[in-house]
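Text of protein_24.csv, listed as CSV, C-alpha atoms:
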chain,number,residue,atom,x,y,z
X,25,MET,CA,2.8,60.2,49.8
X,26,ASP,CA,4.9,57.7,51.8
X,27,SER,CA,6.7,56.5,48.6
X,28,LEU,CA,8.3,59.9,47.9
X,29,LEU,CA,11.8,60.9,48.8
X,30,VAL,CA,12.6,64.6,49.0
X,31,TYR,CA,16.3,65.1,48.6
X,32,GLY,CA,17.8,68.4,49.7
X,33,SER,CA,14.8,68.8,51.9
X,34,TYR,CA,16.4,71.1,54.5
X,35,GLY,CA,17.4,73.9,52.1
X,36,TYR,CA,15.0,76.9,52.0
X,37,THR,CA,12.9,75.6,49.1
X,38,GLY,CA,13.1,72.0,50.3
X,39,ARG,CA,11.7,73.1,53.6
X,40,LEU,CA,8.8,74.7,52.0
X,41,ILE,CA,8.1,71.7,49.9
X,42,ALA,CA,8.4,69.1,52.7
X,43,ARG,CA,6.1,71.3,54.9
X,44,GLU,CA,3.6,71.5,52.0
X,45,ALA,CA,3.7,67.8,51.4
X,46,VAL,CA,3.0,67.0,55.1
X,47,ALA,CA,0.2,69.7,55.2
X,48,ARG,CA,-1.5,67.9,52.3
X,49,GLY,CA,-1.5,64.7,54.3
X,50,GLY,CA,1.6,63.1,52.9
X,51,SER,CA,4.5,61.4,54.6
X,52,PRO,CA,7.6,62.1,52.5
X,53,VAL,CA,10.9,60.8,53.5
X,54,VAL,CA,13.3,63.8,53.9
X,55,ALA,CA,16.9,63.3,52.9
X,56,GLY,CA,20.2,65.0,52.3
X,57,ARG,CA,23.9,64.8,53.2
X,58,ASN,CA,23.7,66.8,56.5
X,59,GLY,CA,22.7,64.3,59.1
X,60,ARG,CA,21.9,66.8,61.8
X,61,ALA,CA,19.7,69.0,59.5
X,62,VAL,CA,17.9,65.9,58.3
X,63,ALA,CA,17.3,64.6,61.8
X,64,GLU,CA,16.0,68.0,63.1
X,65,GLN,CA,13.6,68.3,60.1
X,66,ALA,CA,12.4,64.8,60.3
X,67,ASP,CA,11.6,65.2,64.1
X,68,ALA,CA,9.8,68.5,63.5
X,69,LEU,CA,7.7,67.1,60.7
X,70,ARG,CA,7.3,63.7,62.3
X,71,VAL,CA,8.5,61.9,59.2
X,72,GLU,CA,11.4,59.6,58.4
X,73,GLY,CA,14.8,61.0,57.6
X,74,ARG,CA,17.7,59.6,55.7
X,75,THR,CA,21.3,60.8,55.3
X,76,PHE,CA,23.5,60.0,52.3
X,77,ASP,CA,25.7,61.7,49.7
X,78,LEU,CA,25.1,61.5,46.0
X,79,ASP,CA,28.6,60.1,45.3
X,80,ALA,CA,27.8,57.0,47.4
X,81,ALA,CA,28.7,53.8,45.6
X,82,ASP,CA,25.4,52.3,46.6
X,83,LEU,CA,23.2,55.3,45.7
X,84,GLY,CA,20.8,53.0,43.8
X,85,SER,CA,20.1,51.0,47.0
X,86,LYS,CA,19.2,54.2,48.8
X,87,LEU,CA,16.4,54.9,46.3
X,88,ALA,CA,15.1,51.3,45.6
X,89,ARG,CA,12.1,51.4,48.0
X,90,PHE,CA,10.8,54.7,46.6
X,91,ASP,CA,8.4,55.3,43.7
X,92,ALA,CA,9.6,58.8,43.1
X,93,VAL,CA,12.4,61.2,44.1
X,94,LEU,CA,11.9,65.0,44.2
X,95,ASN,CA,15.3,66.7,44.0
X,96,CYS,CA,15.5,70.0,45.8
X,97,ALA,CA,19.3,70.1,46.1
X,98,GLY,CA,20.9,72.7,43.8
X,99,PRO,CA,23.0,73.5,41.9
X,100,PHE,CA,21.3,70.9,39.9
X,101,VAL,CA,24.1,70.7,37.4
X,102,GLU,CA,25.9,68.8,40.2
X,103,THR,CA,23.0,66.7,41.7
X,104,ALA,CA,20.6,65.9,38.9
X,105,GLU,CA,22.7,63.4,36.9
X,106,PRO,CA,23.7,61.1,39.7
X,107,LEU,CA,20.2,60.9,41.0
X,108,VAL,CA,18.8,60.3,37.5
X,109,GLU,CA,21.3,57.5,36.9
X,110,ALA,CA,20.2,55.9,40.2
X,111,CYS,CA,16.6,56.3,39.3
X,112,LEU,CA,17.2,54.6,35.9
X,113,GLU,CA,18.8,51.7,37.8
X,114,THR,CA,15.9,51.4,40.3
X,115,ASN,CA,12.9,52.3,38.1
X,116,THR,CA,12.2,55.3,40.2
X,117,ASP,CA,10.4,58.4,38.8
X,118,TYR,CA,12.5,61.6,39.0
X,119,LEU,CA,11.3,65.2,39.6
X,120,ASP,CA,13.2,68.3,40.4
X,121,ILE,CA,12.8,72.1,40.7
X,122,THR,CA,15.7,73.2,38.5
X,123,GLY,CA,15.7,76.2,36.3
X,124,GLU,CA,19.1,75.5,34.7
X,125,PHE,CA,18.8,75.1,30.9
X,126,SER,CA,21.9,72.8,30.8
X,127,VAL,CA,20.2,70.4,33.3
X,128,PHE,CA,17.1,70.3,31.1
X,129,GLU,CA,19.2,69.6,28.1
X,130,CYS,CA,21.2,66.9,29.9
X,131,LEU,CA,18.0,65.1,31.1
X,132,ARG,CA,16.5,65.4,27.7
X,133,GLN,CA,19.4,63.2,26.5
X,134,HIS,CA,18.2,60.5,28.9
X,135,ASP,CA,14.7,60.3,27.3
X,136,ALA,CA,15.2,56.9,25.6
X,137,ALA,CA,16.8,55.3,28.6
X,138,ALA,CA,13.9,56.5,30.8
X,139,ARG,CA,11.3,55.1,28.4
X,140,ASP,CA,13.2,51.8,28.4
X,141,ALA,CA,13.1,51.8,32.2
X,142,GLY,CA,9.5,52.8,32.3
X,143,ILE,CA,10.1,56.0,34.4
X,144,THR,CA,9.2,59.6,34.1
X,145,LEU,CA,11.9,62.3,34.1
X,146,LEU,CA,10.1,65.5,35.1
X,147,PRO,CA,12.5,68.4,35.9
X,148,GLY,CA,11.3,72.0,36.5
X,149,VAL,CA,8.2,71.4,38.6
X,150,GLY,CA,8.6,74.8,40.4
X,151,PHE,CA,8.3,78.4,39.3
X,152,ASP,CA,11.0,77.3,36.9
X,153,VAL,CA,9.3,76.3,34.6
X,154,VAL,CA,5.7,75.5,35.5
X,155,PRO,CA,4.1,78.9,34.7
X,156,SER,CA,6.1,79.7,31.6
X,157,ASP,CA,5.9,76.1,30.2
X,158,CYS,CA,2.1,76.1,30.7
X,159,LEU,CA,1.7,79.5,29.1
X,160,ALA,CA,3.9,78.5,26.2
X,161,ALA,CA,1.7,75.5,25.6
X,162,PHE,CA,-1.5,77.5,25.9
X,163,LEU,CA,-0.2,80.1,23.3
X,164,ALA,CA,0.9,77.3,20.9
X,165,ASP,CA,-2.7,76.1,20.9
X,166,GLN,CA,-3.9,79.5,19.8
X,167,VAL,CA,-1.5,79.5,16.8
X,168,PRO,CA,-0.8,75.9,15.9
X,169,ASP,CA,1.7,76.7,13.2
X,170,ALA,CA,3.7,79.2,15.2
X,171,ASP,CA,7.4,79.0,14.8
X,172,ARG,CA,8.6,81.8,17.1
X,173,LEU,CA,8.1,82.0,20.9
X,174,ALA,CA,9.1,84.8,23.3
X,175,LEU,CA,8.6,84.6,27.0
X,176,GLY,CA,9.1,87.3,29.7
X,177,ILE,CA,9.5,87.0,33.4
X,178,LYS,CA,9.0,89.7,36.1
X,179,GLY,CA,9.1,88.8,39.7
X,180,SER,CA,10.7,89.3,43.2
X,181,LEU,CA,14.4,89.6,43.6
X,182,ASP,CA,14.3,87.9,47.0
X,183,PHE,CA,16.5,84.8,46.3
X,184,SER,CA,17.0,81.7,48.4
X,185,ARG,CA,20.5,80.7,49.3
X,186,GLY,CA,20.4,77.8,46.8
X,187,THR,CA,19.2,80.0,43.9
X,188,ALA,CA,21.8,82.6,44.6
X,189,ARG,CA,24.6,80.0,44.7
X,190,THR,CA,23.4,78.7,41.3
X,191,LEU,CA,23.4,82.2,39.9
X,192,VAL,CA,27.0,82.7,41.0
X,193,GLU,CA,28.0,79.5,39.1
X,194,GLN,CA,26.4,80.9,36.0
X,195,LEU,CA,28.0,84.4,36.1
X,196,GLY,CA,30.2,85.1,33.2
X,197,VAL,CA,29.1,82.2,31.0
X,198,GLY,CA,26.7,84.3,28.9
X,199,GLY,CA,23.2,83.6,27.8
X,200,VAL,CA,21.5,81.1,25.5
X,201,VAL,CA,18.6,81.2,22.9
X,202,ARG,CA,17.1,78.7,20.7
X,203,ARG,CA,17.4,79.2,16.9
X,204,ASN,CA,15.8,76.7,14.4
X,205,GLY,CA,16.2,73.8,16.8
X,206,ARG,CA,19.7,74.6,18.1
X,207,LEU,CA,20.8,76.1,21.4
X,208,LEU,CA,23.1,79.0,20.7
X,209,GLN,CA,25.4,80.6,23.2
X,210,VAL,CA,25.1,84.4,23.2
X,211,PRO,CA,26.4,87.3,25.3
X,212,THR,CA,24.6,88.1,28.5
X,213,ALA,CA,21.6,90.4,27.8
X,214,PHE,CA,22.5,90.3,24.1
X,215,ARG,CA,19.0,91.4,23.1
X,216,SER,CA,16.3,93.6,24.6
X,217,ARG,CA,12.7,94.4,23.9
X,218,GLU,CA,9.7,96.1,25.5
X,219,VAL,CA,7.3,93.8,27.3
X,220,ASP,CA,4.0,94.8,28.9
X,221,PHE,CA,3.7,92.9,32.2
X,222,GLY,CA,0.5,94.7,33.0
X,223,ASP,CA,1.6,98.2,33.8
X,224,GLY,CA,2.7,99.3,30.3
X,225,PRO,CA,5.8,98.5,28.3
X,226,GLU,CA,9.0,97.7,30.4
X,227,HIS,CA,12.6,97.1,29.4
X,228,ALA,CA,13.5,93.4,29.3
X,229,VAL,CA,16.7,91.5,28.4
X,230,THR,CA,17.4,88.0,27.3
X,231,VAL,CA,18.2,85.5,30.0
X,232,PRO,CA,19.2,81.8,29.9
X,233,TRP,CA,15.8,80.4,31.3
X,234,GLY,CA,15.1,76.7,31.0
X,235,ASP,CA,12.3,77.2,28.5
X,236,VAL,CA,14.8,77.3,25.7
X,237,VAL,CA,14.8,73.5,26.2
X,238,THR,CA,11.4,72.8,27.8
X,239,ALA,CA,9.1,74.9,25.7
X,240,ALA,CA,10.5,73.3,22.5
X,241,HIS,CA,9.5,69.9,23.9
X,242,SER,CA,6.1,71.2,25.0
X,243,THR,CA,5.2,73.1,21.9
X,244,GLY,CA,7.4,71.9,19.0
X,245,ILE,CA,8.4,75.6,18.4
X,246,GLU,CA,12.1,75.6,17.6
X,247,SER,CA,13.0,79.3,17.9
X,248,ILE,CA,12.7,80.6,21.5
X,249,GLU,CA,13.9,83.6,23.5
X,250,VAL,CA,13.3,84.3,27.2
X,251,TYR,CA,13.4,87.8,28.7
X,252,ALA,CA,13.5,89.2,32.2
X,253,ALA,CA,12.4,92.6,33.3
X,254,ALA,CA,15.4,94.8,34.0
X,255,PRO,CA,16.1,98.6,34.1
X,256,SER,CA,17.4,100.0,30.9
X,257,TRP,CA,20.8,100.6,32.4
X,258,ALA,CA,21.1,96.9,33.3
X,259,SER,CA,21.8,95.8,29.7
X,260,LYS,CA,25.2,97.4,29.8
X,261,ALA,CA,25.9,96.3,33.3
X,262,LEU,CA,24.9,92.7,32.5
X,263,SER,CA,26.9,92.7,29.3
X,264,ALA,CA,30.0,93.8,31.2
X,265,VAL,CA,29.7,90.6,33.4
X,266,ASP,CA,31.0,88.6,30.4
X,267,SER,CA,34.2,90.5,30.4
X,268,LEU,CA,34.8,89.4,34.0
X,269,GLU,CA,34.7,85.7,33.2
X,270,TRP,CA,38.3,85.3,34.1
X,271,LEU,CA,37.6,86.5,37.6
X,272,LEU,CA,34.3,84.8,38.1
X,273,ASP,CA,35.7,81.5,37.0
X,274,SER,CA,38.4,81.7,39.7
X,275,ARG,CA,37.9,79.4,42.7
X,276,PRO,CA,38.8,82.1,45.3
X,277,ALA,CA,36.2,84.5,43.8
X,278,GLU,CA,33.5,81.9,43.6
X,279,ARG,CA,34.2,80.7,47.2
X,280,LEU,CA,34.1,84.3,48.5
X,281,LEU,CA,30.7,85.0,46.8
X,282,LYS,CA,29.2,81.8,48.1
X,283,ARG,CA,30.4,82.5,51.7
X,284,LEU,CA,28.7,85.9,51.5
X,285,ILE,CA,25.6,84.2,50.2
X,286,ASP,CA,25.6,81.6,53.0
X,287,ALA,CA,26.1,84.3,55.6
X,288,ARG,CA,23.4,86.7,54.4
X,289,LEU,CA,20.7,84.9,52.5
X,290,ASP,CA,18.0,82.4,53.4
X,291,GLY,CA,14.9,83.3,51.4
X,292,PRO,CA,11.7,85.3,51.6
X,293,ASP,CA,10.1,85.5,55.0
X,294,GLU,CA,6.5,84.5,55.7
X,295,ARG,CA,5.1,88.0,54.8
X,296,GLU,CA,7.0,88.0,51.5
X,297,LEU,CA,5.8,84.5,50.7
X,298,ALA,CA,2.2,85.6,51.3
X,299,THR,CA,2.3,89.0,49.5
X,300,GLY,CA,4.9,88.5,46.7
X,301,SER,CA,3.9,88.0,43.1
X,302,ALA,CA,5.3,87.4,39.6
X,303,VAL,CA,4.1,87.8,36.0
X,304,VAL,CA,4.9,85.6,33.0
X,305,TRP,CA,4.3,87.1,29.6
X,306,GLY,CA,4.3,85.2,26.3
X,307,GLU,CA,4.0,85.7,22.6
X,308,VAL,CA,3.9,83.2,19.7
X,309,ARG,CA,3.9,84.1,16.0
X,310,LYS,CA,4.4,82.7,12.6
X,311,GLU,CA,7.3,84.3,10.9
X,312,GLY,CA,6.3,86.2,7.8
X,313,GLY,CA,2.6,85.9,8.6
X,314,ASP,CA,0.1,87.9,10.7
X,315,GLN,CA,-0.8,85.0,13.0
X,316,ARG,CA,0.1,86.0,16.6
X,317,ALA,CA,-1.1,85.4,20.2
X,318,ARG,CA,-0.1,87.0,23.5
X,319,ALA,CA,-1.0,86.2,27.1
X,320,ARG,CA,0.0,86.9,30.6
X,321,LEU,CA,0.0,84.7,33.7
X,322,ARG,CA,0.1,86.2,37.2
X,323,THR,CA,1.3,84.1,40.0
X,324,PRO,CA,1.9,84.3,43.8
X,325,ASN,CA,5.5,84.5,45.2
X,326,PRO,CA,7.7,82.2,43.1
X,327,TYR,CA,8.8,80.2,46.1
X,328,ALA,CA,5.2,79.8,47.4
X,329,LEU,CA,4.2,78.6,43.9
X,330,THR,CA,7.1,76.2,43.8
X,331,ALA,CA,6.1,74.5,47.1
X,332,GLU,CA,2.6,73.9,45.8
X,333,SER,CA,3.4,73.0,42.3
X,334,ALA,CA,6.2,70.6,43.2
X,335,VAL,CA,4.1,68.7,45.7
X,336,LEU,CA,1.1,68.6,43.3
X,337,ALA,CA,3.3,67.3,40.5
X,338,ALA,CA,4.7,64.6,42.7
X,339,GLU,CA,1.3,63.5,43.8
X,340,ARG,CA,0.1,63.3,40.2
X,341,VAL,CA,3.1,61.2,39.2
X,342,LEU,CA,2.7,58.9,42.1
X,343,LYS,CA,-1.0,58.4,41.6
X,344,GLY,CA,-1.0,58.5,37.8
X,345,GLY,CA,0.4,55.0,37.0
X,346,ASP,CA,0.1,54.1,33.4
X,347,ARG,CA,-1.6,57.5,32.7
X,348,ILE,CA,1.6,59.4,33.2
X,349,SER,CA,3.9,59.5,30.2
X,350,THR,CA,7.4,58.0,30.6
X,351,GLY,CA,10.7,59.5,29.3
X,352,PHE,CA,11.7,63.1,29.5
X,353,GLN,CA,8.7,65.4,30.1
X,354,THR,CA,7.8,68.9,31.0
X,355,PRO,CA,5.0,70.1,33.3
X,356,ALA,CA,2.8,71.1,30.3
X,357,SER,CA,3.6,67.9,28.3
X,358,VAL,CA,2.6,65.6,31.1
X,359,PHE,CA,-0.2,67.6,32.8
X,360,GLY,CA,-1.4,70.0,30.1
X,361,SER,CA,-1.4,73.8,29.8
X,362,GLU,CA,-4.1,74.2,32.5
X,363,PHE,CA,-1.9,72.8,35.2
X,364,ALA,CA,-0.7,76.2,36.2
X,365,LEU,CA,-4.2,77.4,36.7
X,366,GLU,CA,-4.8,74.7,39.3
X,367,LEU,CA,-2.3,76.5,41.6
X,368,THR,CA,-3.5,78.9,44.3
X,369,GLY,CA,-3.5,82.6,43.2
X,370,THR,CA,-2.7,82.1,39.5
X,371,GLU,CA,-4.6,84.0,36.8
X,372,ARG,CA,-4.2,83.9,33.0
X,373,GLU,CA,-5.2,86.7,30.6
X,374,LEU,CA,-5.4,86.2,26.9
X,375,LEU,CA,-4.3,89.5,25.4
X,376,GLU,CA,-4.4,88.7,21.7
X,377,ALA,CA,-5.3,85.8,19.5
X,378,PRO,CA,-6.2,85.1,15.9
X,379,ALA,CA,-9.9,85.6,15.2
X,380,ASP,CA,-10.5,81.9,14.5
X,381,ALA,CA,-8.7,80.8,17.7
X,382,SER,CA,-10.8,83.0,20.1
X,383,ASP,CA,-13.9,81.7,21.8
X,384,PRO,CA,-16.2,84.6,22.3
X,385,ALA,CA,-17.9,82.8,25.2
X,386,ARG,CA,-14.6,82.3,27.0
X,387,SER,CA,-13.6,84.9,29.6
X,388,ALA,CA,-10.4,86.8,28.8
X,389,VAL,CA,-9.2,86.2,32.4
X,390,GLU,CA,-9.0,82.6,33.8
X,391,SER,CA,-7.9,81.7,37.3
X,392,ALA,CA,-7.7,78.8,39.8
X,393,ASP,CA,-10.9,78.3,41.8

Structure rendered as structure tokens:
Amino acid sequence: MDSLLVYGSYGYTGRLIAREAVARGGSPVVAGRNGRAVAEQADALRVEGRTFDLDAADLGSKLARFDAVLNCAGPFVETAEPLVEACLETNTDYLDITGEFSVFECLRQHDAAARDAGITLLPGVGFDVVPSDCLAAFLADQVPDADRLALGIKGSLDFSRGTARTLVEQLGVGGVVRRNGRLLQVPTAFRSREVDFGDGPEHAVTVPWGDVVTAAHSTGIESIEVYAAAPSWASKALSAVDSLEWLLDSRPAERLLKRLIDARLDGPDERELATGSAVVWGEVRKEGGDQRARARLRTPNPYALTAESAVLAAERVLKGGDRISTGFQTPASVFGSEFALELTGTERELLEAPADASDPARSAVESAD
């Protein structure tokens, strides 16, 4: 993997990814804007390190020797576009681990340019959105004419510093759903429903997860909502956040929150990485009909999954050559719905499917070997 550049490699998730890449026999080049952090990491992993900012006038020249860039530097709303522009210039494949729906939508707009350049744009190769994207594609295969998709997420609340900083930037901006092919801005937690993540029905509220963009690309379904498990009291609390937009949009408030995050957060420790877990639930249906399918996907700790899935995706893109589709892609569109089951500790359970879509010989529970 000596033709891979990992940018933002010294952040919490970047460290996990770089370490995983080396453990799998790769030699990624680690990079970022903090020269000291890059040098220390490069020495520890015995790989090459590079230091540069994304606003460098010669950014393209920094990427020219690489076949692929894996962006781990969030918030991705700030880092994705300059890297993608440089990748288009240098014919370099681009991957990242974003979960920001606005970034997915922005990169989708570069589809034609990426096809012309012969490169793959593959955002979301971490927990956001590998499990949910693969589950959505699997369910769409059960009900090929489905026109409604709902997804639900339940997982650990142990955030890395980068994830928490991204959440701060999104506070007060509301939520988003997909309706008949259009992204609609809605209030935070504007809708709730009961979702069975495996221990009986639980309260869940809508969240602006990236699948409102990616699942439409993977499945062709144009009405999508994504929910996250939350206590019933959280609906009112989250809705109240919208009324504080004036405060959350202020620079002093944002700087204060980010300073607190930088001082107190890093990410899950080794024990939490080894023992944590998450569940992704999904449902597809045909409006006005009785065709419906439901399934669950259980995963290890989201950060542990991200490290493995991001490196595996990068390996596939680097080795795939002409077999890898160019343009804007999602994990399921380029690797198929079974990609998630190749990851350690994942298990999928088909809960309900139309009679003609079920294979009696197939086990209801499927998992990685």

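Put simply, atom CA of X:Leu119 is 7.0 Å away from atom CA of X:Val149.
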
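Taking only C-alpha atoms into account, X:Leu163 lies nearest to X:Trp305 out of the set X:Phe214, X:Phe221, X:Trp305, X:Phe100.
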
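Between atom CA of X:Ala302 and atom CA of X:Gly360 the separation is 20.9 Å.
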
*Which neighbours of X:Val167 fall inside 7 Å, counting all atoms listed in the file, when residues of the same chain fewer than 2 positions from it are skipped, and could you give them as a ChimeraX atom specification?*
/X:163-165,169-170,315-317

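With all atoms listed in the file as the basis for measurement, X:Ser242 is the residue among X:Ser242, X:Asn95, X:Thr230, X:Thr122 that approaches X:Pro355 most closely.
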
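Atom CA of X:Gly148 to atom CA of X:Gly50 spans 21.0 Å [interatomic distance, one decimal].
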
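Counting only C-alpha atoms and comparing X:His241, X:Lys178, X:Arg48, X:Arg309, the residue that lies closest to X:Pro324 is X:Lys178.
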
Please return the centre and edge lengths, in Å to one decimal, of a box with edges along x, y and z that contains all listed atoms of stretch 344-350 of chain X, widened by 6 Å on every side, as AutoDock Vina command-line options.
--center_x 2.9 --center_y 56.8 --center_z 34.0 --size_x 21.0 --size_y 17.4 --size_z 19.6

*asked:* Can you pull out the residues contacting X:Val237? Cut-off 10 Å, using only C-alpha atoms, and skip same-chain residues under 6 positions away; I want them as a PyMOL selection string.
replied: chain X and resi 124-130+132+201-202+205-207+246+248+354

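With all atoms listed in the file as the basis for measurement, X:Asn115 is the residue among X:Asn58, X:Thr370, X:Ser301, X:Asn115 that approaches X:Ser85 most closely.
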